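*Asks:* Provided below: start.cif, containing mmCIF, C-alpha atoms and all ligand atoms.
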data_start
#
loop_
_atom_site.label_atom_id
_atom_site.label_comp_id
_atom_site.auth_asym_id
_atom_site.auth_seq_id
_atom_site.Cartn_x
_atom_site.Cartn_y
_atom_site.Cartn_z
CA MET A 1205 24.63 -2.56 26.77
CA ASP A 1206 23.10 0.21 24.65
CA LEU A 1207 22.16 3.19 26.77
CA SER A 1208 21.75 5.61 23.86
CA LEU A 1209 19.22 8.36 24.36
CA SER A 1210 17.53 7.07 21.20
CA ARG A 1211 18.32 4.84 18.28
CA PRO A 1212 16.58 3.85 15.07
CA ASP A 1213 15.26 0.31 14.59
CA LEU A 1214 16.23 -0.87 11.10
CA THR A 1215 16.14 -4.35 9.57
CA GLU A 1216 17.00 -6.10 6.33
CA ARG A 1217 13.60 -5.07 5.00
CA GLU A 1218 14.66 -1.40 5.01
CA GLN A 1219 17.90 -2.31 3.22
CA GLU A 1220 16.02 -4.33 0.59
CA LEU A 1221 13.59 -1.55 -0.25
CA VAL A 1222 16.31 1.12 -0.35
CA ALA A 1223 18.42 -1.15 -2.59
CA GLN A 1224 15.40 -1.55 -4.88
CA VAL A 1225 15.25 2.21 -5.34
CA LEU A 1226 19.01 2.44 -5.92
CA GLN A 1227 18.70 -0.12 -8.71
CA SER A 1228 15.97 1.91 -10.39
CA PRO A 1229 16.40 5.05 -12.52
CA THR A 1230 13.95 7.09 -10.38
CA LEU A 1231 15.36 8.75 -7.26
CA SER A 1232 12.70 11.43 -6.82
CA GLN A 1233 8.98 11.82 -7.63
CA GLY A 1234 8.47 8.12 -8.30
CA PRO A 1235 6.37 5.17 -7.19
CA MET A 1236 7.92 4.73 -3.72
CA LEU A 1237 6.68 8.12 -2.52
CA LEU A 1238 3.16 7.36 -3.76
CA ARG A 1239 3.29 3.99 -2.02
CA PHE A 1240 4.48 5.56 1.24
CA GLU A 1241 1.81 8.28 1.08
CA ALA A 1242 -1.01 5.80 0.40
CA ALA A 1243 0.08 3.49 3.21
CA PHE A 1244 0.48 6.41 5.62
CA ALA A 1245 -2.96 7.87 4.87
CA ALA A 1246 -4.52 4.44 5.38
CA TYR A 1247 -2.71 3.96 8.70
CA VAL A 1248 -3.78 7.32 10.11
CA GLY A 1249 -7.30 6.98 8.69
CA VAL A 1250 -7.35 10.09 6.49
CA SER A 1251 -7.83 10.57 2.75
CA TYR A 1252 -4.58 12.32 1.88
CA ALA A 1253 -0.93 12.23 2.91
CA VAL A 1254 1.79 14.42 1.40
CA GLY A 1255 5.43 13.47 1.97
CA VAL A 1256 7.81 16.33 2.78
CA THR A 1257 11.51 16.81 3.54
CA ASN A 1258 11.06 17.02 7.32
CA GLY A 1259 8.49 17.83 9.96
CA THR A 1260 9.43 21.49 10.13
CA CYS A 1261 8.69 22.03 6.41
CA GLY A 1262 5.47 20.11 6.89
CA LEU A 1263 4.40 22.58 9.59
CA HIS A 1264 5.43 25.48 7.38
CA LEU A 1265 3.35 24.14 4.46
CA ALA A 1266 0.33 23.65 6.72
CA VAL A 1267 0.62 27.26 7.92
CA VAL A 1268 0.90 28.57 4.34
CA THR A 1269 -2.00 26.39 3.16
CA ALA A 1270 -4.12 27.72 6.02
CA GLY A 1271 -3.60 31.19 4.56
CA ILE A 1272 -1.92 32.44 7.73
CA THR A 1273 -0.09 35.66 7.03
CA GLU A 1274 1.45 38.79 8.53
CA GLY A 1275 -0.46 40.08 11.55
CA ASP A 1276 -2.43 36.88 12.10
CA GLU A 1277 -2.34 35.09 15.43
CA VAL A 1278 -1.98 31.36 16.03
CA ILE A 1279 -2.69 29.94 19.47
CA THR A 1280 -0.15 27.32 20.49
CA THR A 1281 1.82 25.82 23.36
CA PRO A 1282 5.07 27.13 24.86
CA PHE A 1283 6.06 23.59 25.93
CA SER A 1284 7.30 21.96 22.73
CA PHE A 1285 10.14 21.63 20.28
CA VAL A 1286 10.71 25.08 18.79
CA ALA A 1287 9.54 24.15 15.26
CA SER A 1288 5.85 24.15 16.28
CA SER A 1289 6.09 27.87 16.93
CA ASN A 1290 8.79 28.87 14.42
CA CYS A 1291 6.51 27.78 11.56
CA VAL A 1292 4.19 30.65 12.51
CA LEU A 1293 7.07 33.15 12.52
CA TYR A 1294 8.13 32.05 9.01
CA GLU A 1295 4.92 33.69 7.72
CA ARG A 1296 5.32 36.78 9.92
CA ALA A 1297 2.34 35.78 12.00
CA ARG A 1298 2.38 35.74 15.80
CA PRO A 1299 2.39 32.68 18.02
CA VAL A 1300 0.12 33.34 21.01
CA PHE A 1301 1.11 31.00 23.80
CA VAL A 1302 -1.34 29.45 26.23
CA ASP A 1303 -0.02 27.68 29.33
CA ILE A 1304 -0.25 23.93 29.67
CA ASP A 1305 -2.12 21.32 31.63
CA PRO A 1306 0.39 20.25 34.32
CA LYS A 1307 -0.72 16.61 34.11
CA THR A 1308 -0.24 16.01 30.37
CA GLY A 1309 2.12 18.83 29.38
CA ASN A 1310 -0.27 19.69 26.53
CA ILE A 1311 -1.91 23.06 25.85
CA ASP A 1312 -4.68 23.68 28.41
CA PRO A 1313 -7.94 24.02 26.46
CA ALA A 1314 -9.40 26.08 29.28
CA GLY A 1315 -6.94 28.88 28.46
CA ILE A 1316 -7.52 28.93 24.71
CA GLU A 1317 -10.81 30.77 24.63
CA ALA A 1318 -9.41 33.73 26.60
CA ALA A 1319 -6.58 34.03 24.07
CA VAL A 1320 -8.86 34.34 21.02
CA THR A 1321 -8.87 37.81 19.42
CA PRO A 1322 -10.25 39.09 16.10
CA ARG A 1323 -6.82 38.31 14.59
CA THR A 1324 -6.77 34.65 15.64
CA ARG A 1325 -6.74 32.35 12.62
CA ALA A 1326 -5.73 28.97 13.95
CA ILE A 1327 -4.99 26.71 16.92
CA LEU A 1328 -1.82 24.63 16.71
CA PRO A 1329 -1.76 22.00 19.48
CA VAL A 1330 1.23 19.67 19.93
CA HIS A 1331 0.73 16.07 21.12
CA ILE A 1332 3.69 16.31 23.43
CA PHE A 1333 5.81 13.20 24.03
CA GLY A 1334 3.15 11.13 22.22
CA HIS A 1335 0.25 12.05 24.52
CA PRO A 1336 -2.69 13.40 22.47
CA ALA A 1337 -3.88 16.91 23.34
CA ASP A 1338 -7.51 17.40 24.41
CA MET A 1339 -8.77 17.57 20.83
CA GLU A 1340 -12.46 17.45 21.68
CA ALA A 1341 -12.23 20.70 23.63
CA ILE A 1342 -9.94 22.27 21.02
CA GLU A 1343 -12.33 21.33 18.19
CA ARG A 1344 -15.23 22.86 20.13
CA THR A 1345 -13.42 26.20 20.51
CA ALA A 1346 -12.26 26.09 16.89
CA ARG A 1347 -15.85 25.60 15.68
CA ARG A 1348 -17.17 28.39 17.87
CA TYR A 1349 -14.66 30.94 16.54
CA ASP A 1350 -14.26 29.47 13.04
CA LEU A 1351 -10.56 28.68 13.49
CA ILE A 1352 -8.33 26.29 11.60
CA VAL A 1353 -6.72 23.46 13.58
CA ILE A 1354 -3.23 22.22 12.68
CA GLU A 1355 -2.04 19.27 14.76
CA ASP A 1356 1.66 18.96 15.42
CA ALA A 1357 1.69 15.16 15.61
CA CYS A 1358 5.45 14.89 15.09
CA GLU A 1359 5.87 13.03 18.39
CA ALA A 1360 2.68 11.02 18.32
CA LEU A 1361 2.36 8.67 15.34
CA GLY A 1362 -0.24 6.05 16.25
CA ALA A 1363 -1.47 7.72 19.45
CA GLU A 1364 -5.23 7.67 20.01
CA ARG A 1365 -7.81 9.60 21.90
CA ASP A 1366 -11.27 8.08 22.38
CA GLY A 1367 -10.51 5.59 19.63
CA ARG A 1368 -9.48 8.23 17.07
CA LYS A 1369 -5.88 8.42 15.90
CA VAL A 1370 -4.02 11.74 16.05
CA GLY A 1371 -3.97 13.25 12.60
CA GLU A 1372 -7.71 12.68 12.14
CA PHE A 1373 -8.72 15.73 14.11
CA GLY A 1374 -7.32 18.85 12.47
CA HIS A 1375 -7.67 20.44 9.02
CA ALA A 1376 -4.13 19.15 8.70
CA ALA A 1377 -1.67 17.26 10.87
CA VAL A 1378 2.08 16.96 10.59
CA PHE A 1379 4.32 13.97 11.34
CA ALA A 1380 8.12 13.76 11.41
CA PHE A 1381 10.61 10.96 10.78
CA TYR A 1382 13.86 12.24 12.29
CA PRO A 1383 15.98 9.31 13.61
CA ASN A 1384 14.75 9.68 17.20
CA LYS A 1385 11.04 9.42 16.29
CA GLN A 1386 8.93 6.26 16.50
CA MET A 1387 9.74 5.56 12.83
CA THR A 1388 12.42 7.19 10.72
CA THR A 1389 13.38 8.02 7.16
CA GLY A 1390 16.59 9.81 8.25
CA GLU A 1391 15.06 13.20 7.57
CA GLY A 1392 11.43 13.25 6.49
CA GLY A 1393 7.90 14.25 7.29
CA MET A 1394 4.26 13.89 6.25
CA VAL A 1395 1.31 16.25 6.19
CA VAL A 1396 -2.12 14.59 6.29
CA THR A 1397 -5.55 16.05 5.59
CA ARG A 1398 -9.11 14.97 4.91
CA ASP A 1399 -9.68 17.87 2.50
CA SER A 1400 -8.94 17.47 -1.23
CA ALA A 1401 -8.39 21.22 -1.70
CA TRP A 1402 -5.77 21.18 1.09
CA ASP A 1403 -4.13 18.14 -0.49
CA GLU A 1404 -3.89 19.84 -3.86
CA ARG A 1405 -2.48 23.04 -2.36
CA LEU A 1406 0.06 21.16 -0.21
CA ARG A 1407 1.29 19.22 -3.27
CA SER A 1408 1.69 22.40 -5.26
CA LEU A 1409 3.55 24.26 -2.50
CA ARG A 1410 5.85 21.29 -1.89
CA ASN A 1411 6.74 21.25 -5.58
CA GLN A 1412 7.77 24.83 -6.44
CA GLY A 1413 4.18 26.06 -6.79
CA ARG A 1414 3.51 23.93 -9.83
CA GLY A 1415 -0.17 23.37 -10.65
CA LYS A 1416 -1.86 20.01 -11.02
CA ALA A 1417 -2.30 20.23 -14.79
CA GLY A 1418 0.48 22.71 -15.55
CA THR A 1419 3.87 22.08 -17.08
CA TRP A 1420 7.23 21.67 -15.33
CA LEU A 1421 8.19 25.29 -15.89
CA GLU A 1422 4.92 26.90 -14.92
CA HIS A 1423 4.65 28.12 -11.32
CA GLU A 1424 1.19 29.24 -10.23
CA ARG A 1425 2.15 30.40 -6.75
CA LEU A 1426 5.17 30.93 -4.54
CA GLY A 1427 6.30 27.41 -3.77
CA TYR A 1428 9.19 25.54 -2.21
CA ASN A 1429 11.20 22.42 -2.79
CA TYR A 1430 10.05 20.39 0.19
CA ARG A 1431 9.87 17.06 -1.67
CA LEU A 1432 10.65 13.67 -0.09
CA ASP A 1433 12.91 11.53 -2.30
CA GLU A 1434 12.47 7.87 -3.25
CA ILE A 1435 15.26 6.58 -1.02
CA ARG A 1436 13.69 8.03 2.10
CA SER A 1437 10.25 6.98 0.96
CA ALA A 1438 11.54 3.39 0.73
CA LEU A 1439 12.72 3.63 4.33
CA GLY A 1440 9.30 5.00 5.21
CA VAL A 1441 7.43 2.14 3.54
CA ALA A 1442 9.51 -0.45 5.37
CA GLN A 1443 9.24 1.30 8.74
CA LEU A 1444 5.50 1.87 8.44
CA ASP A 1445 5.03 -1.83 7.63
CA ARG A 1446 6.59 -2.54 11.04
CA ILE A 1447 4.94 0.29 12.96
CA THR A 1448 2.66 -1.88 15.11
CA ASP A 1449 5.65 -3.87 16.32
CA LEU A 1450 7.81 -0.76 16.78
CA LEU A 1451 5.16 0.93 18.92
CA ALA A 1452 4.54 -2.25 20.95
CA ARG A 1453 8.24 -2.58 21.73
CA ARG A 1454 8.41 1.03 22.87
CA GLU A 1455 5.36 0.56 25.03
CA GLN A 1456 6.97 -2.48 26.62
CA VAL A 1457 10.14 -0.49 27.47
CA ALA A 1458 7.99 2.29 28.94
CA ARG A 1459 6.19 -0.28 31.08
CA LEU A 1460 9.50 -1.64 32.37
CA TYR A 1461 10.60 1.86 33.34
CA THR A 1462 7.33 2.67 35.08
CA GLU A 1463 7.37 -0.60 37.06
CA ARG A 1464 10.82 0.22 38.40
CA LEU A 1465 10.43 3.94 38.98
CA GLN A 1466 6.89 4.43 40.23
CA SER A 1467 7.83 3.65 43.82
CA LEU A 1468 10.67 6.21 43.90
CA PRO A 1469 9.25 9.08 45.96
CA ASP A 1470 10.93 11.96 44.10
CA VAL A 1471 10.31 10.69 40.57
CA HIS A 1472 6.99 11.13 38.78
CA THR A 1473 6.48 8.72 35.90
CA PRO A 1474 4.47 9.63 32.78
CA GLU A 1475 0.83 8.55 32.65
CA ALA A 1476 -1.80 8.36 29.93
CA GLY A 1477 -4.98 10.35 30.64
CA PRO A 1478 -8.49 8.87 30.35
CA GLY A 1479 -9.37 7.55 26.88
CA VAL A 1480 -5.75 7.96 25.77
CA LYS A 1481 -3.53 5.46 24.01
CA MET A 1482 0.00 6.85 24.11
CA SER A 1483 2.51 6.47 21.35
CA TRP A 1484 5.81 6.44 23.23
CA PHE A 1485 8.21 8.97 21.67
CA VAL A 1486 10.42 9.46 24.71
CA TYR A 1487 10.30 8.38 28.34
CA VAL A 1488 10.32 11.58 30.38
CA VAL A 1489 10.21 11.60 34.17
CA ARG A 1490 9.65 14.65 36.35
CA LEU A 1491 11.86 15.14 39.33
CA ASP A 1492 10.56 16.66 42.54
CA PRO A 1493 11.18 20.44 42.45
CA ARG A 1494 13.37 20.16 45.58
CA LEU A 1495 15.90 18.15 43.60
CA ASN A 1496 18.61 19.74 41.47
CA ARG A 1497 17.71 18.34 38.07
CA ASN A 1498 20.81 19.58 36.26
CA ARG A 1499 23.14 18.14 38.89
CA ILE A 1500 21.38 14.79 38.69
CA ALA A 1501 21.67 14.86 34.88
CA ALA A 1502 25.40 15.57 35.22
CA LEU A 1503 25.83 12.65 37.64
CA LEU A 1504 23.97 10.37 35.23
CA GLN A 1505 26.12 11.53 32.32
CA ALA A 1506 29.29 10.85 34.35
CA ALA A 1507 27.98 7.34 35.02
CA GLY A 1508 27.43 6.73 31.29
CA VAL A 1509 23.70 7.44 31.15
CA PRO A 1510 22.78 10.24 28.74
CA THR A 1511 19.61 12.23 29.46
CA ARG A 1512 18.01 15.37 28.08
CA PRO A 1513 15.90 18.09 29.70
CA TYR A 1514 12.91 17.93 27.29
CA PHE A 1515 11.87 20.76 26.68
CA SER A 1516 12.99 24.29 27.46
CA ALA A 1517 9.95 26.57 27.21
CA ILE A 1518 9.83 28.14 23.74
CA HIS A 1519 9.05 31.67 24.91
CA LEU A 1520 12.29 31.69 26.94
CA GLN A 1521 14.49 30.72 24.00
CA PRO A 1522 16.84 33.61 23.18
CA VAL A 1523 15.23 34.24 19.80
CA TYR A 1524 11.77 34.60 21.42
CA ARG A 1525 12.99 36.68 24.36
CA GLU A 1526 14.61 39.06 21.92
CA ARG A 1527 11.64 39.37 19.59
CA PHE A 1528 8.79 39.45 22.09
CA GLY A 1529 10.40 40.57 25.34
CA TYR A 1530 9.57 37.49 27.39
CA ARG A 1531 11.48 37.44 30.69
CA GLY A 1532 10.15 34.39 32.48
CA GLY A 1533 7.05 34.06 34.64
CA GLU A 1534 4.61 34.42 31.71
CA PHE A 1535 3.72 30.72 31.52
CA PRO A 1536 4.56 29.37 34.97
CA ILE A 1537 3.30 25.81 34.48
CA ALA A 1538 5.34 25.27 31.31
CA GLU A 1539 8.37 26.87 32.98
CA GLN A 1540 8.07 24.69 36.06
CA LEU A 1541 7.68 21.54 33.96
CA ALA A 1542 10.69 22.53 31.85
CA ARG A 1543 12.80 22.78 35.03
CA SER A 1544 11.85 19.32 36.27
CA THR A 1545 11.91 16.97 33.26
CA LEU A 1546 14.50 14.38 32.36
CA ALA A 1547 14.25 12.19 29.25
CA LEU A 1548 15.88 8.83 29.91
CA PRO A 1549 17.54 6.55 27.32
CA PHE A 1550 14.67 5.09 25.32
CA HIS A 1551 14.42 3.00 22.16
CA SER A 1552 12.68 -0.08 20.87
CA ARG A 1553 15.64 -2.44 21.39
CA MET A 1554 16.19 -1.73 25.08
CA GLY A 1555 15.97 -4.79 27.28
CA GLU A 1556 15.39 -5.26 31.01
CA ALA A 1557 19.10 -5.15 31.83
CA GLU A 1558 19.47 -1.72 30.24
CA VAL A 1559 16.36 -0.35 31.92
CA ASP A 1560 17.60 -1.73 35.25
CA GLN A 1561 20.95 -0.06 34.75
CA VAL A 1562 19.38 3.33 34.03
CA CYS A 1563 16.99 3.07 36.98
CA GLN A 1564 19.74 2.06 39.39
CA THR A 1565 21.98 4.89 38.19
CA LEU A 1566 19.11 7.37 38.55
CA THR A 1567 18.36 6.13 42.06
CA ASP A 1568 22.04 6.57 43.04
CA ALA A 1569 22.22 10.01 41.45
CA ILE A 1570 19.17 11.21 43.37
CA GLN A 1571 20.75 10.02 46.62
CA GLN A 1572 23.97 11.88 45.84
CA GLY A 1573 22.29 14.91 44.25
C1 LIG A 1601 10.41 16.40 15.75
C2 LIG A 1601 9.45 17.50 15.89
C3 LIG A 1601 9.15 18.39 14.83
C4 LIG A 1601 9.76 18.32 13.45
O1 LIG A 1601 11.03 17.95 13.40
P1 LIG A 1601 11.96 17.81 12.12
O2 LIG A 1601 13.27 17.56 12.75
O3 LIG A 1601 11.88 19.05 11.33
O4 LIG A 1601 11.46 16.64 11.31
C5 LIG A 1601 8.16 19.32 15.04
N1 LIG A 1601 7.53 19.45 16.21
C6 LIG A 1601 7.79 18.64 17.25
C7 LIG A 1601 7.02 18.81 18.51
C8 LIG A 1601 8.78 17.65 17.14
O5 LIG A 1601 9.06 16.86 18.19
#
Now that the file is in, can you turn its structure into C-alpha cells?

*Replies:*
Amino acid sequence: MDLSLSRPDLTEREQELVAQVLQSPTLSQGPMLLRFEAAFAAYVGVSYAVGVTNGTCGLHLAVVTAGITEGDEVITTPFSFVASSNCVLYERARPVFVDIDPKTGNIDPAGIEAAVTPRTRAILPVHIFGHPADMEAIERTARRYDLIVIEDACEALGAERDGRKVGEFGHAAVFAFYPNKQMTTGEGGMVVTRDSAWDERLRSLRNQGRGKAGTWLEHERLGYNYRLDEIRSALGVAQLDRITDLLARREQVARLYTERLQSLPDVHTPEAGPGVKMSWFVYVVRLDPRLNRNRIAALLQAAGVPTRPYFSAIHLQPVYRERFGYRGGEFPIAEQLARSTLALPFHSRMGEAEVDQVCQTLTDAIQQG
C-alpha cells in the first residue's frame, strides 16, 4: 500500500527518451528542449513556451520581462506557495496582497480594484491547487488600469475555465515540474506567452542575456542561467505525451476521495466552481474550525498517513513578518483557510484500497481528535 503524500508516475517511455539523450553528445541546448517547448505550447494553446530550470526561476523571468522594478507594486494572493510572492521581492518590488475567495482559495477579484495604486504594474494570480482563478474578472481589471497579468499556473497544468486552458490568459504564465506536480522533470519549469517580444526577451534572460543574433560571448542585458537541460527535457516530452492519462487518473482518485468523504459532517471536500475543469494537483480537505487540525494531522501521521497543511499564509511567514510588519489578522479569509486545510496522500497510482485506508484513518482521527 502506497500512502505517500505524492509520487511521480514514470514509465519505460521516460527511461527510453532519457537514455536517448545520454547516448547523444548534446546534454544542453539541443533538440529535446525544442521538442518539449513546441509540444508544451501546442498543449496549452499558446504560441511560445520557454523551458526553465524550475517554476521559481520562471516566475522571476516573467517579472523581469514585465519590467517590474524597485518601488513597483504587484497585486497577488497571500494563500499560495511562497515563490509566487518571492519573485516580486527578487526585483525589489512590493507584493500587495488581496484576500481570497473562501470557496476557491483563489484571489478575490472583488478586492483587486481597491488595491490598485499609481504604482501598480501587474496582477499575479495563482491557480491554487489546480482550480483556475477568476481570470475574466482579473482581465477586466487589468485592461481598465493597463496592468500586466502573470499567471502562476504551477499547480494547474491542463485546468480550464470556460473552455480556455490556464496559461492562455495572461501576458505570461508559469508552470512547474517538481516531482509532486501533475507531470515532472525532476526540477523544471516552463514560461508560456502569446507575445513574440516576450518570447525573445525570456529566451535572452534565460541564457545569460545573450541576444538572438549575437555571439556566445556577447551579453546585451543582465541575464541568468535558467536553462533546462536535455535530460530533463526528455522527461518532459515523455510526461507531456501521457498528460491526458495522468490527469484522468488523478481526477479518478479525487472522485474516490470525494465519494467517501462528502458525507463526513466535519470535512469539506474540494469542489470545482461553475465553468471550471480542475487539474488535480493535490487533494485538500478543510476541517471544521472546531476541530484541532494539527492534532488530527499528528494522529494520522502516527497511523502511517502523511498529510500536509497546504498552505501557511505567505504574509505570516517569518521573512514577510520581518520585512513588512504583518502580525496576523490582515487577511482573515486566507488565515482561516490556512488553519483548516489538510492535504491527503494523492498521486496517480492510488487505488481504492489506499483511498479507503486514508479515509478510514481520517474518520478515526476526527473521532479521537
Ligand atoms: C510549485 C510551485 C511553484 C514553483 O515551484 P518550483 O519548485 O520552483 O518549481 C510556484 N508557485 C506555486 C504556487 C507552486 O505550487

*Asks:* Between A:Gly1573, A:Arg1436, A:Leu1444, A:Tyr1349, which residue has the minimum interatomic distance to Arg1494 in chain A, considering only C-alpha atoms?

*Replies:*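 Closest to Arg1494 in chain A of all the choices is A:Gly1573.
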
*Asks:* For a quick check of understanding, using only C-alpha atoms, which of A:Asp1568, A:Ile1518, A:Glu1364, A:Phe1381 has the smallest distance to Gly1532 in chain A?

*Replies:*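 Of the candidates, the smallest distance to Gly1532 in chain A is held by A:Ile1518.
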
*Asks:* Show me which residues are within 7 Å of ligand LIG 1601 (chain A) counting only C-alpha atoms and all ligand atoms, and format the list as a ChimeraX atom specification.

*Replies:* /A:1258-1261,1284-1288,1330,1332,1356,1358-1359,1380-1382,1391-1393

*Asks:* Quick one: everything within 12 Å of Phe1240 in chain A, counting only C-alpha atoms, minus sequence neighbours fewer than 2 positions away in the same chain. Send it as an MDAnalysis selection string.

*Replies:* chainID A and resid 1221 1233:1238 1242:1247 1252:1256 1389 1392:1394 1432:1445

*Asks:* Name the residues in contact with range 1468-1475 of chain A at a cut-off of 10 Å, using only C-alpha atoms, excluding same-chain residues fewer than 5 positions from it; report them as a PDB file with C-alpha atoms, in the coordinates of the input.

*Replies:*
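Now in result_11.pdb:
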ATOM      1  CA  LYS A1307      -0.720  16.610  34.110  1.00  0.00           C
ATOM      2  CA  THR A1308      -0.240  16.010  30.370  1.00  0.00           C
ATOM      3  CA  PHE A1333       5.810  13.200  24.030  1.00  0.00           C
ATOM      4  CA  HIS A1335       0.250  12.050  24.520  1.00  0.00           C
ATOM      5  CA  ALA A1458       7.990   2.290  28.940  1.00  0.00           C
ATOM      6  CA  TYR A1461      10.600   1.860  33.340  1.00  0.00           C
ATOM      7  CA  THR A1462       7.330   2.670  35.080  1.00  0.00           C
ATOM      8  CA  GLU A1463       7.370  -0.600  37.060  1.00  0.00           C
ATOM      9  CA  VAL A1480      -5.750   7.960  25.770  1.00  0.00           C
ATOM     10  CA  MET A1482       0.000   6.850  24.110  1.00  0.00           C
ATOM     11  CA  TYR A1487      10.300   8.380  28.340  1.00  0.00           C
ATOM     12  CA  VAL A1488      10.320  11.580  30.380  1.00  0.00           C
ATOM     13  CA  VAL A1489      10.210  11.600  34.170  1.00  0.00           C
ATOM     14  CA  ARG A1490       9.650  14.650  36.350  1.00  0.00           C
ATOM     15  CA  LEU A1491      11.860  15.140  39.330  1.00  0.00           C
ATOM     16  CA  ASP A1492      10.560  16.660  42.540  1.00  0.00           C
ATOM     17  CA  PRO A1493      11.180  20.440  42.450  1.00  0.00           C
ATOM     18  CA  ARG A1494      13.370  20.160  45.580  1.00  0.00           C
ATOM     19  CA  LEU A1495      15.900  18.150  43.600  1.00  0.00           C
ATOM     20  CA  SER A1544      11.850  19.320  36.270  1.00  0.00           C
ATOM     21  CA  THR A1545      11.910  16.970  33.260  1.00  0.00           C
ATOM     22  CA  LEU A1546      14.500  14.380  32.360  1.00  0.00           C
ATOM     23  CA  CYS A1563      16.990   3.070  36.980  1.00  0.00           C
ATOM     24  CA  LEU A1566      19.110   7.370  38.550  1.00  0.00           C
ATOM     25  CA  THR A1567      18.360   6.130  42.060  1.00  0.00           C
ATOM     26  CA  ILE A1570      19.170  11.210  43.370  1.00  0.00           C
TER      27      ILE A1570
END

*Asks:* Would you pick out the contacts of Asp1303 in chain A at 8 Å or less, using all atoms listed in the file, so that residues sharing its chain but fewer than 4 positions from it are not included, and give the list as number ranges by chain?

*Replies:* A: 1281-1282, 1311-1312, 1315, 1535-1538

*Asks:* CA of Arg1531 in chain A and CA of Gly1334 in chain A are how many Å apart?

*Replies:*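 Those two atoms sit 28.9 Å apart.
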
*Asks:* Work out how far CA of Leu1451 in chain A is from CA of Gly1555 in chain A, in Å to one decimal.

*Replies:*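 Distance between the two atoms: 14.8 Å.
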
*Asks:* To one decimal place, how far is CA of Arg1464 in chain A from CA of Asp1560 in chain A in Å?

*Replies:* 7.7 Å

*Asks:* When distances are computed from all atoms listed in the file, which of A:Arg1425, A:Arg1410, A:His1375, A:Lys1416 shows the smallest separation from Glu1355 in chain A?

*Replies:* A:His1375

*Asks:* With distances taken over only C-alpha atoms, which residue among A:Ile1352, A:Glu1539, A:Leu1503, A:Arg1298 lies nearest Leu1520 in chain A?

*Replies:*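 Of A:Ile1352, A:Glu1539, A:Leu1503, A:Arg1298, the one nearest Leu1520 in chain A is A:Glu1539, counting only C-alpha atoms.
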
*Asks:* Nearest to Gln1386 in chain A: which of A:Ala1569, A:Ala1357, A:Ile1327, A:Ile1500 is it, counting only C-alpha atoms?

*Replies:*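 That would be A:Ala1357, the residue with the smallest distance to Gln1386 in chain A.
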
*Asks:* Set out as a Markdown table a contact list for range 1365-1408 of chain A and range 1208-1215 of chain A with a cut-off of 9 Å, giving each residue of range 1365-1408 of chain A that qualifies its closest atom pair and distance in Å to one decimal, counting only C-alpha atoms, ordered by chain and rising residue number.

*Replies:*
| residue | atom | partner | partner_atom | distance |
| --- | --- | --- | --- | --- |
| A:Pro1383 | CA | A:Pro1212 | CA | 5.7 |
| A:Asn1384 | CA | A:Ser1210 | CA | 5.5 |
| A:Lys1385 | CA | A:Pro1212 | CA | 8.0 |
| A:Gln1386 | CA | A:Pro1212 | CA | 8.1 |
| A:Met1387 | CA | A:Pro1212 | CA | 7.4 |
| A:Thr1388 | CA | A:Pro1212 | CA | 6.9 |

*Asks:* Which is closer to Val1370 in chain A than all the others in A:Leu1265, A:Ala1337, A:Ala1297, A:Ala1223, using all atoms listed in the file?

*Replies:* A:Ala1337

*Asks:* Residues within 7 Å of Gly1413 in chain A, please, as a list in words. Count only C-alpha atoms; anything in the same chain fewer than 5 positions from it doesn't count.

*Replies:*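 Listed by chain and then number, they are Ser1408, His1423, Glu1424, Arg1425, Leu1426, Gly1427 and Tyr1428 of chain A.
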
*Asks:* Quick one: residues within 8 Å of Glu1372 in chain A, only C-alpha atoms, excluding same-chain residues fewer than 4 positions away - as a list in words?

*Replies:*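 Once the adjacent positions are removed, what remains is Val1248, Gly1249, Val1250, Arg1368, Ala1377, Thr1397 and Arg1398 of chain A.
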